>>> print(open('my_file.cif').read())   # mmCIF, C-alpha atoms
data_start
loop_
_atom_site.group_PDB
_atom_site.id
_atom_site.type_symbol
_atom_site.label_atom_id
_atom_site.label_comp_id
_atom_site.auth_asym_id
_atom_site.auth_seq_id
_atom_site.Cartn_x
_atom_site.Cartn_y
_atom_site.Cartn_z
ATOM 1 C CA MET S 1 0.000 0.000 0.000
ATOM 2 C CA LEU S 2 1.274 3.447 -0.989
ATOM 3 C CA ASN S 3 -1.231 5.339 1.196
ATOM 4 C CA ASN S 4 -2.648 7.260 -1.746
ATOM 5 C CA ILE S 5 -5.611 7.025 -4.073
ATOM 6 C CA THR S 6 -3.700 4.981 -6.667
ATOM 7 C CA ASP S 7 -3.949 2.020 -4.287
ATOM 8 C CA VAL S 8 -7.449 1.635 -5.762
ATOM 9 C CA PRO S 9 -7.083 -0.626 -8.839
ATOM 10 C CA GLY S 10 -7.521 1.232 -12.125
ATOM 11 C CA ILE S 11 -6.881 4.708 -10.716
ATOM 12 C CA ARG S 12 -4.063 6.823 -12.129
ATOM 13 C CA VAL S 13 -3.218 10.396 -11.146
ATOM 14 C CA GLY S 14 -1.338 13.120 -12.988
ATOM 15 C CA ASN S 15 -0.360 16.632 -11.953
ATOM 16 C CA ALA S 16 0.826 19.703 -13.812
ATOM 17 C CA GLU S 17 1.732 23.151 -12.479
ATOM 18 C CA ASP S 18 2.781 26.627 -13.506
ATOM 19 C CA PRO S 19 5.309 27.700 -10.846
ATOM 20 C CA THR S 20 5.183 31.323 -11.997
ATOM 21 C CA GLY S 21 1.435 31.592 -11.851
ATOM 22 C CA MET S 22 1.314 29.368 -8.745
ATOM 23 C CA THR S 23 -1.539 27.331 -10.152
ATOM 24 C CA GLY S 24 -2.054 23.833 -11.472
ATOM 25 C CA CYS S 25 -4.385 20.922 -12.066
ATOM 26 C CA THR S 26 -4.743 17.337 -10.888
ATOM 27 C CA VAL S 27 -6.257 14.663 -13.111
ATOM 28 C CA VAL S 28 -7.702 11.378 -11.847
ATOM 29 C CA LEU S 29 -8.077 8.833 -14.643
ATOM 30 C CA ALA S 30 -10.628 6.046 -14.226
ATOM 31 C CA GLY S 31 -9.461 3.342 -16.619
ATOM 32 C CA GLU S 32 -12.097 2.464 -19.200
ATOM 33 C CA GLY S 33 -14.748 4.121 -17.058
ATOM 34 C CA MET S 34 -16.044 4.001 -13.480
ATOM 35 C CA VAL S 35 -19.404 4.741 -11.905
ATOM 36 C CA CYS S 36 -19.302 8.240 -10.444
ATOM 37 C CA GLY S 37 -21.320 10.449 -8.155
ATOM 38 C CA ALA S 38 -20.778 13.937 -6.781
ATOM 39 C CA ASP S 39 -21.856 16.071 -3.859
ATOM 40 C CA ILE S 40 -21.457 19.858 -3.763
ATOM 41 C CA ARG S 41 -21.711 21.494 -0.338
ATOM 42 C CA GLY S 42 -19.994 24.863 -0.604
ATOM 43 C CA GLY S 43 -21.949 27.997 -1.460
ATOM 44 C CA ALA S 44 -19.748 29.097 -4.379
ATOM 45 C CA PRO S 45 -18.940 26.080 -6.587
ATOM 46 C CA GLY S 46 -17.296 26.080 -9.993
ATOM 47 C CA THR S 47 -17.957 22.804 -11.793
ATOM 48 C CA ARG S 48 -18.366 21.103 -15.157
ATOM 49 C CA GLU S 49 -20.387 18.000 -16.136
ATOM 50 C CA THR S 50 -21.779 17.451 -12.640
ATOM 51 C CA ASP S 51 -25.448 17.455 -13.730
ATOM 52 C CA LEU S 52 -24.943 14.210 -15.631
ATOM 53 C CA LEU S 53 -23.903 12.525 -12.354
ATOM 54 C CA ASN S 54 -27.455 12.885 -11.045
ATOM 55 C CA PRO S 55 -28.889 9.335 -10.750
ATOM 56 C CA LEU S 56 -31.878 10.443 -12.862
ATOM 57 C CA ASN S 57 -29.644 11.095 -15.862
ATOM 58 C CA LEU S 58 -28.320 8.645 -18.450
ATOM 59 C CA VAL S 59 -24.522 8.464 -18.328
ATOM 60 C CA ASP S 60 -23.312 6.518 -15.291
ATOM 61 C CA LYS S 61 -19.578 6.251 -15.881
ATOM 62 C CA VAL S 62 -16.796 8.786 -16.190
ATOM 63 C CA HIS S 63 -13.329 8.380 -17.694
ATOM 64 C CA GLY S 64 -11.534 11.052 -15.712
ATOM 65 C CA ILE S 65 -11.994 13.851 -13.200
ATOM 66 C CA CYS S 66 -10.169 17.173 -13.318
ATOM 67 C CA LEU S 67 -9.418 19.147 -10.156
ATOM 68 C CA THR S 68 -7.997 22.532 -11.034
ATOM 69 C CA GLY S 69 -7.002 25.971 -9.877
ATOM 70 C CA GLY S 70 -7.711 29.156 -11.803
ATOM 71 C CA SER S 71 -11.283 29.674 -10.624
ATOM 72 C CA ALA S 72 -13.830 29.315 -13.457
ATOM 73 C CA TYR S 73 -11.072 29.917 -16.015
ATOM 74 C CA GLY S 74 -9.497 26.642 -14.933
ATOM 75 C CA LEU S 75 -12.407 24.612 -16.277
ATOM 76 C CA ASP S 76 -10.629 24.829 -19.644
ATOM 77 C CA ALA S 77 -8.165 22.214 -18.355
ATOM 78 C CA ALA S 78 -10.832 19.508 -18.607
ATOM 79 C CA GLY S 79 -10.829 19.958 -22.391
ATOM 80 C CA GLY S 80 -7.187 18.927 -22.465
ATOM 81 C CA VAL S 81 -7.986 15.792 -20.468
ATOM 82 C CA MET S 82 -10.708 14.973 -23.003
ATOM 83 C CA GLN S 83 -8.259 15.468 -25.850
ATOM 84 C CA TYR S 84 -5.776 13.058 -24.271
ATOM 85 C CA LEU S 85 -8.414 10.397 -23.580
ATOM 86 C CA GLU S 86 -9.834 10.671 -27.090
ATOM 87 C CA GLN S 87 -6.377 9.992 -28.489
ATOM 88 C CA GLN S 88 -6.270 6.838 -26.359
ATOM 89 C CA GLY S 89 -9.658 5.740 -27.664
ATOM 90 C CA THR S 90 -11.189 6.088 -24.211
ATOM 91 C CA GLY S 91 -14.674 7.515 -23.858
ATOM 92 C CA LEU S 92 -18.369 7.006 -24.388
ATOM 93 C CA ASN S 93 -18.896 5.280 -27.727
ATOM 94 C CA VAL S 94 -21.256 7.445 -29.765
ATOM 95 C CA GLY S 95 -20.950 5.560 -33.042
ATOM 96 C CA VAL S 96 -18.818 8.120 -34.840
ATOM 97 C CA GLY S 97 -16.125 8.127 -32.193
ATOM 98 C CA VAL S 98 -15.768 8.442 -28.449
ATOM 99 C CA VAL S 99 -16.676 11.268 -26.085
ATOM 100 C CA PRO S 100 -14.627 11.149 -22.865
ATOM 101 C CA ILE S 101 -16.704 12.080 -19.837
ATOM 102 C CA VAL S 102 -14.575 14.310 -17.592
ATOM 103 C CA PRO S 103 -16.329 16.182 -14.769
ATOM 104 C CA ALA S 104 -14.302 18.986 -13.214
ATOM 105 C CA ALA S 105 -14.247 21.262 -10.177
ATOM 106 C CA VAL S 106 -12.200 24.405 -9.570
ATOM 107 C CA LEU S 107 -10.720 26.274 -6.657
ATOM 108 C CA PHE S 108 -9.710 29.936 -6.462
ATOM 109 C CA ASP S 109 -5.957 30.622 -6.451
ATOM 110 C CA LEU S 110 -5.824 33.803 -8.569
ATOM 111 C CA ALA S 111 -4.644 35.844 -5.584
ATOM 112 C CA VAL S 112 -1.459 33.737 -5.328
ATOM 113 C CA GLY S 113 1.174 34.189 -8.038
ATOM 114 C CA ASP S 114 0.243 35.738 -11.390
ATOM 115 C CA PRO S 115 -3.572 35.939 -11.758
ATOM 116 C CA ARG S 116 -3.172 35.948 -15.553
ATOM 117 C CA CYS S 117 -1.720 32.421 -15.417
ATOM 118 C CA ARG S 118 -4.496 29.847 -15.310
ATOM 119 C CA PRO S 119 -4.773 26.133 -16.030
ATOM 120 C CA SER S 120 -5.388 25.625 -19.746
ATOM 121 C CA GLN S 121 -6.190 22.763 -22.095
ATOM 122 C CA ASP S 122 -2.455 22.277 -22.540
ATOM 123 C CA MET S 123 -1.977 21.902 -18.794
ATOM 124 C CA GLY S 124 -4.878 19.456 -18.549
ATOM 125 C CA TYR S 125 -3.418 17.392 -21.401
ATOM 126 C CA ARG S 126 0.000 17.403 -19.763
ATOM 127 C CA ALA S 127 -1.386 16.271 -16.408
ATOM 128 C CA ALA S 128 -3.391 13.455 -18.026
ATOM 129 C CA SER S 129 -0.439 12.271 -20.107
ATOM 130 C CA GLN S 130 1.725 12.081 -16.959
ATOM 131 C CA ALA S 131 -0.796 10.079 -14.915
ATOM 132 C CA VAL S 132 0.727 7.229 -12.893
ATOM 133 C CA SER S 133 -0.502 4.437 -10.652
ATOM 134 C CA GLY S 134 2.345 4.614 -8.130
ATOM 135 C CA GLU S 135 3.813 7.103 -5.699
ATOM 136 C CA LEU S 136 2.303 10.588 -5.768
ATOM 137 C CA ARG S 137 3.790 13.956 -4.915
ATOM 138 C CA GLN S 138 1.825 15.914 -2.334
ATOM 139 C CA GLY S 139 1.762 19.479 -1.085
ATOM 140 C CA ASN S 140 2.473 22.269 -3.607
ATOM 141 C CA VAL S 141 1.602 20.191 -6.653
ATOM 142 C CA GLY S 142 -1.256 20.018 -9.126
ATOM 143 C CA ALA S 143 -4.430 21.718 -7.970
ATOM 144 C CA GLY S 144 -2.738 22.345 -4.615
ATOM 145 C CA CYS S 145 0.044 24.474 -6.116
ATOM 146 C CA GLY S 146 -1.505 27.817 -5.150
ATOM 147 C CA ALA S 147 -3.874 26.575 -2.439
ATOM 148 C CA THR S 148 -4.107 28.539 0.810
ATOM 149 C CA VAL S 149 -6.103 28.167 4.044
ATOM 150 C CA GLY S 150 -7.119 30.251 7.037
ATOM 151 C CA LYS S 151 -8.394 33.307 5.171
ATOM 152 C CA LEU S 152 -11.050 34.460 7.648
ATOM 153 C CA ALA S 153 -9.075 37.641 8.335
ATOM 154 C CA GLY S 154 -7.817 38.170 4.787
ATOM 155 C CA MET S 155 -5.084 36.755 2.580
ATOM 156 C CA GLU S 156 -2.354 38.593 4.503
ATOM 157 C CA ARG S 157 -2.990 36.280 7.488
ATOM 158 C CA ALA S 158 -3.445 33.025 5.549
ATOM 159 C CA MET S 159 -1.220 29.933 5.394
ATOM 160 C CA LYS S 160 -0.255 27.489 2.658
ATOM 161 C CA GLY S 161 -2.637 24.707 1.700
ATOM 162 C CA GLY S 162 -1.939 21.955 -0.804
ATOM 163 C CA LEU S 163 -2.772 18.603 -2.370
ATOM 164 C CA GLY S 164 -3.004 15.507 -0.188
ATOM 165 C CA SER S 165 -3.880 11.852 -0.621
ATOM 166 C CA ALA S 166 -4.498 8.819 1.583
ATOM 167 C CA SER S 167 -5.896 5.300 1.391
ATOM 168 C CA ARG S 168 -7.003 2.406 3.537
ATOM 169 C CA ARG S 169 -7.398 -1.324 2.889
ATOM 170 C CA LEU S 170 -9.693 -3.538 4.997
ATOM 171 C CA ASP S 171 -9.432 -7.274 5.632
ATOM 172 C CA CYS S 172 -12.494 -7.847 3.429
ATOM 173 C CA GLY S 173 -10.504 -6.542 0.452
ATOM 174 C CA LEU S 174 -12.112 -3.118 0.282
ATOM 175 C CA VAL S 175 -9.683 -0.389 -0.761
ATOM 176 C CA VAL S 176 -10.692 3.262 -0.398
ATOM 177 C CA GLY S 177 -8.502 6.161 -1.458
ATOM 178 C CA ALA S 178 -8.900 9.930 -1.567
ATOM 179 C CA ILE S 179 -7.131 12.912 -3.073
ATOM 180 C CA VAL S 180 -8.016 16.445 -1.971
ATOM 181 C CA ALA S 181 -6.874 19.957 -2.919
ATOM 182 C CA VAL S 182 -7.250 21.988 0.281
ATOM 183 C CA ASN S 183 -7.928 25.696 -0.298
ATOM 184 C CA ALA S 184 -10.340 26.416 2.533
ATOM 185 C CA LEU S 185 -11.527 29.677 4.018
ATOM 186 C CA GLY S 186 -11.311 28.054 7.435
ATOM 187 C CA GLU S 187 -8.549 26.563 9.547
ATOM 188 C CA ILE S 188 -7.317 22.962 9.352
ATOM 189 C CA ARG S 189 -7.501 20.742 12.428
ATOM 190 C CA HIS S 190 -5.926 17.354 13.126
ATOM 191 C CA PRO S 191 -8.815 14.874 12.664
ATOM 192 C CA GLU S 192 -7.928 12.853 15.767
ATOM 193 C CA GLN S 193 -6.219 15.321 18.103
ATOM 194 C CA GLY S 194 -8.286 18.399 17.311
ATOM 195 C CA ARG S 195 -5.311 20.767 17.363
ATOM 196 C CA VAL S 196 -4.949 23.393 14.632
ATOM 197 C CA LEU S 197 -2.399 22.586 11.914
ATOM 198 C CA ALA S 198 -2.925 25.736 9.859
ATOM 199 C CA GLY S 199 -5.160 28.741 10.221
ATOM 200 C CA VAL S 200 -5.440 32.495 10.683
ATOM 201 C CA ARG S 201 -2.138 34.103 11.728
ATOM 202 C CA SER S 202 -1.891 36.993 14.178
ATOM 203 C CA ASP S 203 0.693 39.784 13.988
ATOM 204 C CA ASP S 204 3.151 37.745 16.074
ATOM 205 C CA GLY S 205 2.681 34.577 14.011
ATOM 206 C CA SER S 206 0.514 32.731 16.522
ATOM 207 C CA LEU S 207 -2.890 31.457 15.398
ATOM 208 C CA LEU S 208 -6.140 33.321 15.984
ATOM 209 C CA ASP S 209 -9.360 31.578 16.953
ATOM 210 C CA SER S 210 -11.488 31.139 13.821
ATOM 211 C CA LEU S 211 -14.775 31.320 15.690
ATOM 212 C CA GLN S 212 -13.726 34.620 17.265
ATOM 213 C CA CYS S 213 -12.815 35.913 13.798
ATOM 214 C CA LEU S 214 -16.321 35.064 12.621
ATOM 215 C CA GLU S 215 -17.936 36.473 15.756
ATOM 216 C CA ALA S 216 -16.002 39.703 15.413
ATOM 217 C CA ALA S 217 -17.082 39.925 11.777
ATOM 218 C CA VAL S 218 -13.511 40.535 10.705
ATOM 219 C CA THR S 219 -13.683 38.140 7.784
ATOM 220 C CA SER S 220 -12.924 39.826 4.463
ATOM 221 C CA ALA S 221 -13.448 36.787 2.245
ATOM 222 C CA LEU S 222 -14.992 37.352 -1.142
ATOM 223 C CA PRO S 223 -17.499 34.795 -2.493
ATOM 224 C CA GLY S 224 -15.876 31.932 -4.350
ATOM 225 C CA THR S 225 -12.291 32.765 -3.387
ATOM 226 C CA ASN S 226 -11.592 29.494 -1.591
ATOM 227 C CA THR S 227 -12.863 25.904 -2.037
ATOM 228 C CA THR S 228 -11.733 22.373 -1.193
ATOM 229 C CA ILE S 229 -12.200 19.831 -3.995
ATOM 230 C CA GLY S 230 -11.400 16.145 -4.207
ATOM 231 C CA VAL S 231 -12.067 12.585 -5.288
ATOM 232 C CA VAL S 232 -12.710 9.480 -3.211
ATOM 233 C CA ALA S 233 -12.457 6.114 -4.985
ATOM 234 C CA CYS S 234 -13.048 2.490 -4.012
ATOM 235 C CA ASN S 235 -12.896 -0.958 -5.598
ATOM 236 C CA ALA S 236 -16.556 -1.700 -4.865
ATOM 237 C CA LYS S 237 -19.609 -2.101 -7.070
ATOM 238 C CA LEU S 238 -21.693 1.064 -6.933
ATOM 239 C CA THR S 239 -24.792 2.371 -8.606
ATOM 240 C CA LYS S 240 -24.737 6.053 -9.472
ATOM 241 C CA ALA S 241 -27.091 6.760 -6.563
ATOM 242 C CA GLN S 242 -24.759 4.921 -4.197
ATOM 243 C CA ALA S 243 -21.764 6.815 -5.558
ATOM 244 C CA CYS S 244 -23.572 10.083 -4.832
ATOM 245 C CA LYS S 245 -24.246 8.860 -1.289
ATOM 246 C CA ILE S 246 -20.555 8.016 -0.810
ATOM 247 C CA ALA S 247 -19.601 11.481 -2.067
ATOM 248 C CA SER S 248 -22.083 13.001 0.367
ATOM 249 C CA THR S 249 -20.817 11.075 3.384
ATOM 250 C CA ALA S 250 -17.187 11.717 2.403
ATOM 251 C CA HIS S 251 -17.819 15.387 3.202
ATOM 252 C CA ASP S 252 -17.810 14.274 6.851
ATOM 253 C CA GLY S 253 -14.041 14.012 6.387
ATOM 254 C CA LEU S 254 -13.926 17.703 5.506
ATOM 255 C CA ALA S 255 -16.072 18.553 8.523
ATOM 256 C CA ARG S 256 -13.622 16.695 10.782
ATOM 257 C CA THR S 257 -10.660 18.730 9.564
ATOM 258 C CA ILE S 258 -11.843 22.118 8.247
ATOM 259 C CA TYR S 259 -13.476 24.778 10.430
ATOM 260 C CA PRO S 260 -15.666 26.424 9.381
ATOM 261 C CA VAL S 261 -16.475 24.242 6.379
ATOM 262 C CA HIS S 262 -18.933 24.575 3.476
ATOM 263 C CA THR S 263 -19.141 28.354 3.836
ATOM 264 C CA MET S 264 -20.710 30.706 1.307
ATOM 265 C CA ALA S 265 -17.184 31.638 0.200
ATOM 266 C CA ASP S 266 -16.216 27.990 -0.468
ATOM 267 C CA GLY S 267 -17.332 25.767 -3.351
ATOM 268 C CA ASP S 268 -16.509 22.451 -1.665
ATOM 269 C CA THR S 269 -17.073 19.562 -4.087
ATOM 270 C CA LEU S 270 -16.298 15.847 -3.785
ATOM 271 C CA PHE S 271 -16.575 13.128 -6.424
ATOM 272 C CA ALA S 272 -16.863 9.386 -5.681
ATOM 273 C CA LEU S 273 -15.742 6.569 -7.985
ATOM 274 C CA GLY S 274 -16.380 2.813 -7.848
ATOM 275 C CA SER S 275 -14.315 0.391 -9.939
ATOM 276 C CA GLY S 276 -16.876 -2.416 -9.616
ATOM 277 C CA GLU S 277 -14.916 -5.308 -8.124
ATOM 278 C CA LEU S 278 -16.445 -6.066 -4.708
ATOM 279 C CA ASP S 279 -19.918 -6.318 -3.178
ATOM 280 C CA VAL S 280 -19.514 -4.349 0.032
ATOM 281 C CA SER S 281 -21.862 -2.558 2.417
ATOM 282 C CA ILE S 282 -22.406 1.039 1.360
ATOM 283 C CA ASP S 283 -22.318 2.098 5.002
ATOM 284 C CA LEU S 284 -18.879 0.512 5.378
ATOM 285 C CA ILE S 285 -17.569 2.313 2.296
ATOM 286 C CA ALA S 286 -19.057 5.597 3.490
ATOM 287 C CA ALA S 287 -17.455 5.326 6.916
ATOM 288 C CA VAL S 288 -14.020 4.572 5.482
ATOM 289 C CA ALA S 289 -14.403 7.264 2.807
ATOM 290 C CA ALA S 290 -14.951 9.974 5.417
ATOM 291 C CA GLU S 291 -11.924 8.774 7.386
ATOM 292 C CA THR S 292 -9.745 8.663 4.270
ATOM 293 C CA VAL S 293 -10.766 12.151 3.130
ATOM 294 C CA ALA S 294 -9.866 13.509 6.577
ATOM 295 C CA MET S 295 -6.419 11.930 6.353
ATOM 296 C CA ALA S 296 -5.931 13.314 2.829
ATOM 297 C CA VAL S 297 -6.732 16.830 4.073
ATOM 298 C CA MET S 298 -4.192 16.476 6.869
ATOM 299 C CA ASN S 299 -1.560 15.141 4.452
ATOM 300 C CA ALA S 300 -2.107 18.137 2.169
ATOM 301 C CA ILE S 301 -1.223 20.490 5.014
ATOM 302 C CA LEU S 302 1.666 18.435 6.378
ATOM 303 C CA HIS S 303 3.312 18.153 2.933
ATOM 304 C CA ALA S 304 2.833 21.801 1.950
ATOM 305 C CA ASP S 305 5.845 24.074 1.542
ATOM 306 C CA GLY S 306 5.659 27.722 2.489
ATOM 307 C CA ILE S 307 5.819 30.376 -0.227
ATOM 308 C CA PRO S 308 6.349 34.148 0.127
ATOM 309 C CA GLY S 309 3.505 35.523 2.240
ATOM 310 C CA PHE S 310 2.078 32.102 3.087
ATOM 311 C CA PRO S 311 4.012 30.018 5.636
ATOM 312 C CA SER S 312 3.381 26.301 5.894
ATOM 313 C CA CYS S 313 2.439 24.203 8.888
ATOM 314 C CA ARG S 314 6.074 23.079 9.123
ATOM 315 C CA ASP S 315 7.361 26.643 8.899
ATOM 316 C CA LEU S 316 5.505 27.507 12.100
ATOM 317 C CA GLY S 317 6.326 24.219 13.830
ATOM 318 C CA LEU S 318 2.681 23.148 13.983
ATOM 319 C CA GLN S 319 3.171 19.669 12.534
ATOM 320 C CA GLU S 320 4.262 18.054 15.820
#
>>> encode(input="my_file.cif", output="structure tokens")
Amino acid sequence: MLNNITDVPGIRVGNAEDPTGMTGCTVVLAGEGMVCGADIRGGAPGTRETDLLNPLNLVDKVHGICLTGGSAYGLDAAGGVMQYLEQQGTGLNVGVGVVPIVPAAVLFDLAVGDPRCRPSQDMGYRAASQAVSGELRQGNVGAGCGATVGKLAGMERAMKGGLGSASRRLDCGLVVGAIVAVNALGEIRHPEQGRVLAGVRSDDGSLLDSLQCLEAAVTSALPGTNTTIGVVACNAKLTKAQACKIASTAHDGLARTIYPVHTMADGDTLFALGSGELDVSIDLIAAVAAETVAMAVMNAILHADGIPGFPSCRDLGLQE
């Protein structure tokens, strides 16, 4: 086990970044297609192709998922993923060719680096073409390149977020993995210990209480300038309705680590994939999915590197 989402059979992940623009995208490829559901909790989402994941609609499998920075501009990256998959002959057969189904979700990182640099089709293609099924880089990579957290008192008091992944295998053979780009308005807490790993910095570098920031109405967050996005995958048989339920319950992992979560300034979105190998209780998958998402959020913060203006958890000695 590598303790990342590629432990789920059939899952490959690729990342691409623009270090000047401090933005990037993360692509999760789903083999020849996996059942997918989604759940959107934040008040300011930016998404593509999520309506088709409704159980009432026809298409039940996706071929890739694109997590990207760049706010709504970053949705262009999904076109590059489609281009790559079409070249591989992967997609929904429509008689005259294939149409790759690639839902996408974005986070806001325009205030970090050069706001004119955004994920493009070229970046999406590059990330897809570099997808692997082994070890993954975490922290300032892919969609986590320009991610920040703890913005309740403005960007000048924020800290560095990032991309994190985790997985778990049970004795019954169930494997659940998650990958999350953490760019939250709120602070990040250790899911088991409850202590703050990253949050709102005071003038002396210590951390302010997020609830007090909200109570004092000092938040200066603009709508849609944050957002945590991710994918949870498992090797179980799922219907599209069940995949949507897994995506919904997986948000519990965000609630265990991000405070406050699902705000009007966040567009928090999670996708769930099932590769169709095992018959397993949906409640079991849901419980493990929430746990795995929480660990992925923590890994994103622990692996992040500080950049000018945005120290990391390790920079402030908060990882211990």
>>> residues_near_point(input="my_file.cif", point="(-12.3, 30.6, 13.1)", cutoff="7 Å", atoms="all atoms listed in the file", output="list in words")
Leu152, Gly186, Glu187, Asp209, Ser210, Leu211, Gln212, Cys213, Leu214, Tyr259 and Pro260 of chain S
>>> residues_around(input="my_file.cif", residues="S:Asp252", least_positions_apart="6", cutoff="10 Å", atoms="all atoms listed in the file", output="PyMOL selection string")
chain S and resi 258+286-287+289-291+293-294
>>> resolve_selection(input="my_file.cif", expression="the PyMOL selection byres ((chain S and resi 239) around 9)", output="list of chain:residue names")
S:Val35, S:Cys36, S:Gly37, S:Pro55, S:Asp60, S:Lys237, S:Leu238, S:Lys240, S:Ala241, S:Gln242, S:Ala243, S:Cys244, S:Gly274
>>> write_last_selection(input="my_file.cif", atoms="C-alpha atoms", output="tab-separated table (two decimals), in the coordinates of the input")
chain	number	residue	atom	x	y	z
S	35	VAL	CA	-19.40	4.74	-11.90
S	36	CYS	CA	-19.30	8.24	-10.44
S	37	GLY	CA	-21.32	10.45	-8.15
S	55	PRO	CA	-28.89	9.34	-10.75
S	60	ASP	CA	-23.31	6.52	-15.29
S	237	LYS	CA	-19.61	-2.10	-7.07
S	238	LEU	CA	-21.69	1.06	-6.93
S	240	LYS	CA	-24.74	6.05	-9.47
S	241	ALA	CA	-27.09	6.76	-6.56
S	242	GLN	CA	-24.76	4.92	-4.20
S	243	ALA	CA	-21.76	6.82	-5.56
S	244	CYS	CA	-23.57	10.08	-4.83
S	274	GLY	CA	-16.38	2.81	-7.85
>>> residues_near_point(input="my_file.cif", point="(-7.1, 15.0, -24.5)", cutoff="9 Å", atoms="only C-alpha atoms", output="PyMOL selection string")
chain S and resi 78-88+100+121-122+124-126+128-129
>>> residues_around(input="my_file.cif", residues="S:Ile101", least_positions_apart="5", cutoff="10 Å", atoms="all atoms listed in the file", output="mmCIF file with C-alpha atoms, in the frame of the given file")
data_model
loop_
_atom_site.group_PDB
_atom_site.id
_atom_site.type_symbol
_atom_site.label_atom_id
_atom_site.label_comp_id
_atom_site.auth_asym_id
_atom_site.auth_seq_id
_atom_site.Cartn_x
_atom_site.Cartn_y
_atom_site.Cartn_z
ATOM 1 C CA GLY S 33 -14.748 4.121 -17.058
ATOM 2 C CA GLU S 49 -20.387 18.000 -16.136
ATOM 3 C CA LEU S 52 -24.943 14.210 -15.631
ATOM 4 C CA VAL S 59 -24.522 8.464 -18.328
ATOM 5 C CA ASP S 60 -23.312 6.518 -15.291
ATOM 6 C CA LYS S 61 -19.578 6.251 -15.881
ATOM 7 C CA VAL S 62 -16.796 8.786 -16.190
ATOM 8 C CA HIS S 63 -13.329 8.380 -17.694
ATOM 9 C CA GLY S 64 -11.534 11.052 -15.712
ATOM 10 C CA ILE S 65 -11.994 13.851 -13.200
ATOM 11 C CA ALA S 78 -10.832 19.508 -18.607
ATOM 12 C CA VAL S 81 -7.986 15.792 -20.468
ATOM 13 C CA MET S 82 -10.708 14.973 -23.003
ATOM 14 C CA LEU S 85 -8.414 10.397 -23.580
ATOM 15 C CA THR S 90 -11.189 6.088 -24.211
ATOM 16 C CA GLY S 91 -14.674 7.515 -23.858
ATOM 17 C CA LEU S 92 -18.369 7.006 -24.388
#
>>> atom_distance(input="my_file.cif", atom1="atom CA of S:Ala178", atom2="atom CA of S:Val231")
5.6 Å
>>> atom_distance(input="my_file.cif", atom1="atom CA of S:Asp109", atom2="atom CA of S:Gly134")
27.4 Å
>>> resolve_selection(input="my_file.cif", expression="the PyMOL selection byres ((chain S and resi 200) around 8)", output="list in words")
Val149, Gly150, Lys151, Leu152, Ala153, Arg157, Ala158, Met159, Glu187, Ala198, Gly199, Arg201, Ser202, Leu207, Leu208, Asp209 and Ser210 of chain S
>>> atom_distance(input="my_file.cif", atom1="atom CA of S:Leu163", atom2="atom CA of S:Gly309")
18.6 Å
>>> closest_residue(input="my_file.cif", among="S:Ser206, S:Thr292, S:Ser165, S:Thr257", to="S:Gly317", atoms="all atoms listed in the file")
S:Ser206
>>> resolve_selection(input="my_file.cif", expression="the PyMOL selection byres ((chain S and resi 44) around 7)", output="ChimeraX atom specification")
/S:42-43,45-46,223-224,264-267
>>> closest_residue(input="my_file.cif", among="S:Pro311, S:Gly24, S:Gly306, S:Gly205", to="S:Ala181", atoms="all atoms listed in the file")
S:Gly24
>>> closest_residue(input="my_file.cif", among="S:Ala296, S:Met22, S:Val28, S:Ile285", to="S:Asn140", atoms="only C-alpha atoms")
S:Met22
>>> residues_around(input="my_file.cif", residues="S:Ser167", least_positions_apart="3", cutoff="7 Å", atoms="only C-alpha atoms", output="ChimeraX atom specification")
/S:3-5,7,176-178,292
>>> closest_atom_pairs(input="my_file.cif", of="stretch 50-168 of chain S", to="stretch 225-230 of chain S", cutoff="8 Å", atoms="only C-alpha atoms", output="CSV")
residue,atom,partner,partner_atom,distance
S:Leu67,CA,S:Ile229,CA,6.8
S:Ser71,CA,S:Thr225,CA,7.9
S:Ala105,CA,S:Ile229,CA,6.7
S:Val106,CA,S:Ile229,CA,7.2
S:Leu107,CA,S:Thr227,CA,5.1
S:Phe108,CA,S:Thr225,CA,4.9
S:Asp109,CA,S:Thr225,CA,7.4
S:Thr148,CA,S:Asn226,CA,7.9
S:Val149,CA,S:Asn226,CA,8.0
>>> closest_residue(input="my_file.cif", among="S:Val98, S:Met123, S:Ala233, S:Gly162", to="S:Leu270", atoms="all atoms listed in the file")
S:Ala233
>>> closest_residue(input="my_file.cif", among="S:Asn54, S:Thr68, S:Thr269, S:Asn299", to="S:Leu197", atoms="all atoms listed in the file")
S:Asn299
